[in-house]
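One structure is given below, encoded as structure tokens.
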Amino acid sequence: AYDAFVDRFEVQAGDWFVLGTDGLFDNVYDKEIVDCIQDWYRERTEKKAAATDGPPAERSRANAVIKSTLKSEPDGHARREMHIATESNTCAPAPAMIVDGAPVLQDLATRLAQMAVTLAADENRMSPFAVNARSAGFWYYGGKADDVTVVVGRIVRSTS
């Protein structure tokens with residue numbers, strides 16, 4: 001497509017990525033996305049620990065610092081970058097439950113999409129879309145109904 005955006009990002013094992021349509025990012029703040037991933041990850045880790053009768057694994061992103069930037073491109077489109085940095089440069093290995101594949105990650109993507117749809121219907125919320133509309137001089141309050149597509153993944157080290 002003539003208007004496709006291509007970029008490169010440096011990643012390391014343990015990094016998460018979230019790709020989504022504006023239906024996600026217009027209704028859900030970056031911090032809410034990170035919180036959802038952390039909660040989901042903790043729940044999965046605790047379920048795995050309970051199944052093996054071991055102690056729950058530490059949350060590798062518990063003390064994450066979130067930095068989000070919205071960059072304007074020369075063609076007028078905006079690009080969002082969200083960076084998550086932990087207090088240490090090390091990351092806990094992903095539990096096998098997470099690296100086993102798409103069905104498990106689909107659960108997280110579905111959770112994020114459902115959150116976006118729910119928040120889009122909230123007329124009493126100052127959504128990210130409403131904040132941006134107001135900063136552009138438009139009176140807007142509430143969520144913004146739109147299509148929602150979410151893809152999530154986690155970067156892991158190659159085993160080969």
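Letters for chains follow the order of the structure tokens (A, B, ...), residue numbers begin at 1 for each chain, and ligand numbers begin at 1 in the order shown.
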
I want to know what sits within 6 Å of region 8-19 of chain A, based on only C-alpha atoms, with residues of the same chain fewer than 2 positions away left out; could you give that as an mmCIF file with N, CA, C and O atoms, in the first residue's frame?
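Output saved as result-v8.cif:
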data_model
loop_
_atom_site.group_PDB
_atom_site.id
_atom_site.type_symbol
_atom_site.label_atom_id
_atom_site.label_comp_id
_atom_site.auth_asym_id
_atom_site.auth_seq_id
_atom_site.Cartn_x
_atom_site.Cartn_y
_atom_site.Cartn_z
ATOM 1 N N CYS A 91 15.516 -9.318 32.563
ATOM 2 C CA CYS A 91 14.104 -9.642 32.541
ATOM 3 C C CYS A 91 13.949 -11.110 32.873
ATOM 4 O O CYS A 91 14.809 -11.923 32.562
ATOM 5 N N VAL A 150 -6.536 -5.888 17.785
ATOM 6 C CA VAL A 150 -5.379 -5.895 18.670
ATOM 7 C C VAL A 150 -4.541 -7.141 18.382
ATOM 8 O O VAL A 150 -5.069 -8.236 18.253
ATOM 9 N N VAL A 151 -3.227 -6.925 18.276
ATOM 10 C CA VAL A 151 -2.274 -8.010 18.152
ATOM 11 C C VAL A 151 -1.240 -7.795 19.247
ATOM 12 O O VAL A 151 -0.730 -6.678 19.413
ATOM 13 N N VAL A 152 -0.941 -8.831 20.020
ATOM 14 C CA VAL A 152 0.085 -8.722 21.051
ATOM 15 C C VAL A 152 1.123 -9.817 20.863
ATOM 16 O O VAL A 152 0.836 -10.863 20.281
ATOM 17 N N GLY A 153 2.296 -9.557 21.374
ATOM 18 C CA GLY A 153 3.360 -10.551 21.334
ATOM 19 C C GLY A 153 4.409 -10.232 22.358
ATOM 20 O O GLY A 153 4.405 -9.152 22.960
ATOM 21 N N ARG A 154 5.277 -11.170 22.562
ATOM 22 C CA ARG A 154 6.377 -10.985 23.496
ATOM 23 C C ARG A 154 7.640 -11.480 22.823
ATOM 24 O O ARG A 154 7.649 -12.550 22.200
ATOM 25 N N ILE A 155 8.690 -10.710 22.925
ATOM 26 C CA ILE A 155 9.958 -11.062 22.318
ATOM 27 C C ILE A 155 10.646 -12.107 23.207
ATOM 28 O O ILE A 155 10.765 -11.910 24.422
ATOM 29 N N VAL A 156 11.044 -13.216 22.606
ATOM 30 C CA VAL A 156 11.759 -14.271 23.336
ATOM 31 C C VAL A 156 13.056 -14.588 22.600
ATOM 32 O O VAL A 156 13.178 -14.334 21.412
ATOM 33 N N ARG A 157 13.992 -15.150 23.334
ATOM 34 C CA ARG A 157 15.248 -15.568 22.716
ATOM 35 C C ARG A 157 15.000 -16.803 21.864
ATOM 36 O O ARG A 157 14.223 -17.666 22.223
#

Who sits within 9 Å of Ser127 (chain A), only C-alpha atoms, same chain under 5 positions skipped, as an mmCIF file with all heavy atoms, in the first residue's frame:
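Final file, out-v7.cif:
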data_model
loop_
_atom_site.group_PDB
_atom_site.id
_atom_site.type_symbol
_atom_site.label_atom_id
_atom_site.label_comp_id
_atom_site.auth_asym_id
_atom_site.auth_seq_id
_atom_site.Cartn_x
_atom_site.Cartn_y
_atom_site.Cartn_z
ATOM 1 N N ASP A 26 -7.607 5.112 20.847
ATOM 2 C CA ASP A 26 -8.483 6.250 21.104
ATOM 3 C C ASP A 26 -9.252 6.095 22.412
ATOM 4 O O ASP A 26 -9.794 7.075 22.926
ATOM 5 C CB ASP A 26 -9.498 6.434 19.971
ATOM 6 C CG ASP A 26 -8.895 7.073 18.738
ATOM 7 O OD1 ASP A 26 -7.764 7.593 18.812
ATOM 8 O OD2 ASP A 26 -9.565 7.048 17.676
ATOM 9 N N ASN A 27 -9.331 4.877 22.930
ATOM 10 C CA ASN A 27 -10.157 4.620 24.105
ATOM 11 C C ASN A 27 -9.392 4.132 25.331
ATOM 12 O O ASN A 27 -9.912 4.193 26.442
ATOM 13 C CB ASN A 27 -11.242 3.598 23.754
ATOM 14 C CG ASN A 27 -12.240 4.176 22.796
ATOM 15 O OD1 ASN A 27 -12.939 5.125 23.116
ATOM 16 N ND2 ASN A 27 -12.289 3.641 21.583
ATOM 17 N N VAL A 28 -8.194 3.659 25.141
ATOM 18 C CA VAL A 28 -7.426 3.088 26.243
ATOM 19 C C VAL A 28 -6.094 3.811 26.349
ATOM 20 O O VAL A 28 -5.353 3.914 25.367
ATOM 21 C CB VAL A 28 -7.195 1.569 26.028
ATOM 22 C CG1 VAL A 28 -6.489 0.968 27.228
ATOM 23 C CG2 VAL A 28 -8.509 0.844 25.759
ATOM 24 N N TYR A 29 -5.799 4.322 27.534
ATOM 25 C CA TYR A 29 -4.518 4.983 27.771
ATOM 26 C C TYR A 29 -3.400 3.954 27.805
ATOM 27 O O TYR A 29 -3.610 2.790 28.169
ATOM 28 C CB TYR A 29 -4.548 5.754 29.099
ATOM 29 C CG TYR A 29 -5.395 7.002 29.046
ATOM 30 C CD1 TYR A 29 -6.706 6.982 29.499
ATOM 31 C CD2 TYR A 29 -4.881 8.184 28.528
ATOM 32 C CE1 TYR A 29 -7.491 8.128 29.448
ATOM 33 C CE2 TYR A 29 -5.662 9.334 28.476
ATOM 34 C CZ TYR A 29 -6.960 9.291 28.932
ATOM 35 O OH TYR A 29 -7.730 10.411 28.873
ATOM 36 N N LEU A 119 -14.799 0.679 27.076
ATOM 37 C CA LEU A 119 -14.485 2.089 27.345
ATOM 38 C C LEU A 119 -15.006 3.008 26.240
ATOM 39 O O LEU A 119 -15.334 4.167 26.501
ATOM 40 C CB LEU A 119 -12.979 2.265 27.539
ATOM 41 C CG LEU A 119 -12.405 1.572 28.790
ATOM 42 C CD1 LEU A 119 -10.890 1.694 28.813
ATOM 43 C CD2 LEU A 119 -13.031 2.128 30.060
ATOM 44 N N ALA A 120 -15.111 2.502 25.020
ATOM 45 C CA ALA A 120 -15.652 3.311 23.917
ATOM 46 C C ALA A 120 -17.103 3.692 24.179
ATOM 47 O O ALA A 120 -17.562 4.754 23.752
ATOM 48 C CB ALA A 120 -15.539 2.551 22.596
ATOM 49 N N ASP A 122 -18.393 4.304 27.113
ATOM 50 C CA ASP A 122 -18.500 5.096 28.340
ATOM 51 C C ASP A 122 -18.587 6.585 27.990
ATOM 52 O O ASP A 122 -17.600 7.202 27.594
ATOM 53 C CB ASP A 122 -17.298 4.827 29.239
ATOM 54 C CG ASP A 122 -17.418 5.494 30.598
ATOM 55 O OD1 ASP A 122 -18.295 6.363 30.788
ATOM 56 O OD2 ASP A 122 -16.614 5.135 31.480
ATOM 57 N N ASN A 132 -7.300 14.457 23.086
ATOM 58 C CA ASN A 132 -6.707 14.979 21.847
ATOM 59 C C ASN A 132 -7.658 15.905 21.105
ATOM 60 O O ASN A 132 -7.222 16.907 20.529
ATOM 61 C CB ASN A 132 -6.266 13.817 20.949
ATOM 62 C CG ASN A 132 -5.061 13.093 21.504
ATOM 63 O OD1 ASN A 132 -4.221 13.692 22.152
ATOM 64 N ND2 ASN A 132 -4.980 11.798 21.261
ATOM 65 N N TYR A 141 -16.369 14.584 24.751
ATOM 66 C CA TYR A 141 -16.277 13.866 26.019
ATOM 67 C C TYR A 141 -16.741 12.445 25.787
ATOM 68 O O TYR A 141 -17.659 12.200 25.010
ATOM 69 C CB TYR A 141 -17.155 14.541 27.083
ATOM 70 C CG TYR A 141 -16.711 14.249 28.488
ATOM 71 C CD1 TYR A 141 -15.630 14.912 29.044
ATOM 72 C CD2 TYR A 141 -17.354 13.290 29.250
ATOM 73 C CE1 TYR A 141 -15.215 14.655 30.330
ATOM 74 C CE2 TYR A 141 -16.951 13.025 30.551
ATOM 75 C CZ TYR A 141 -15.866 13.709 31.082
ATOM 76 O OH TYR A 141 -15.450 13.439 32.350
ATOM 77 N N GLY A 142 -16.114 11.504 26.430
ATOM 78 C CA GLY A 142 -16.508 10.103 26.316
ATOM 79 C C GLY A 142 -15.565 9.309 25.441
ATOM 80 O O GLY A 142 -14.545 9.801 24.956
ATOM 81 N N GLY A 143 -15.935 8.041 25.250
ATOM 82 C CA GLY A 143 -15.152 7.171 24.391
ATOM 83 C C GLY A 143 -15.505 7.412 22.943
ATOM 84 O O GLY A 143 -16.362 8.229 22.612
ATOM 85 N N LYS A 144 -14.831 6.693 22.049
ATOM 86 C CA LYS A 144 -15.077 6.848 20.620
ATOM 87 C C LYS A 144 -15.308 5.461 20.024
ATOM 88 O O LYS A 144 -14.402 4.632 19.994
ATOM 89 C CB LYS A 144 -13.882 7.504 19.937
ATOM 90 C CG LYS A 144 -14.082 7.684 18.446
ATOM 91 C CD LYS A 144 -12.875 8.382 17.848
ATOM 92 C CE LYS A 144 -13.015 8.547 16.373
ATOM 93 N NZ LYS A 144 -12.718 7.336 15.627
#

What is the CA of Ala116 (chain A)-CA of Trp40 (chain A) distance in Å, reported with one decimal? 15.6 Å

If you count only C-alpha atoms, which residues fall within 10 Å of Ala113 (chain A), apart from same-chain ones fewer than 2 positions away, as a PyMOL selection string? chain A and resi 20-21+23-24+28+107-111+115-119+147-151

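In this structure, CA of Thr159 (chain A) sits 24.8 Å away from CA of Ala51 (chain A).
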
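One finds CA of Leu112 (chain A) at 14.9 Å from CA of Ala145 (chain A).
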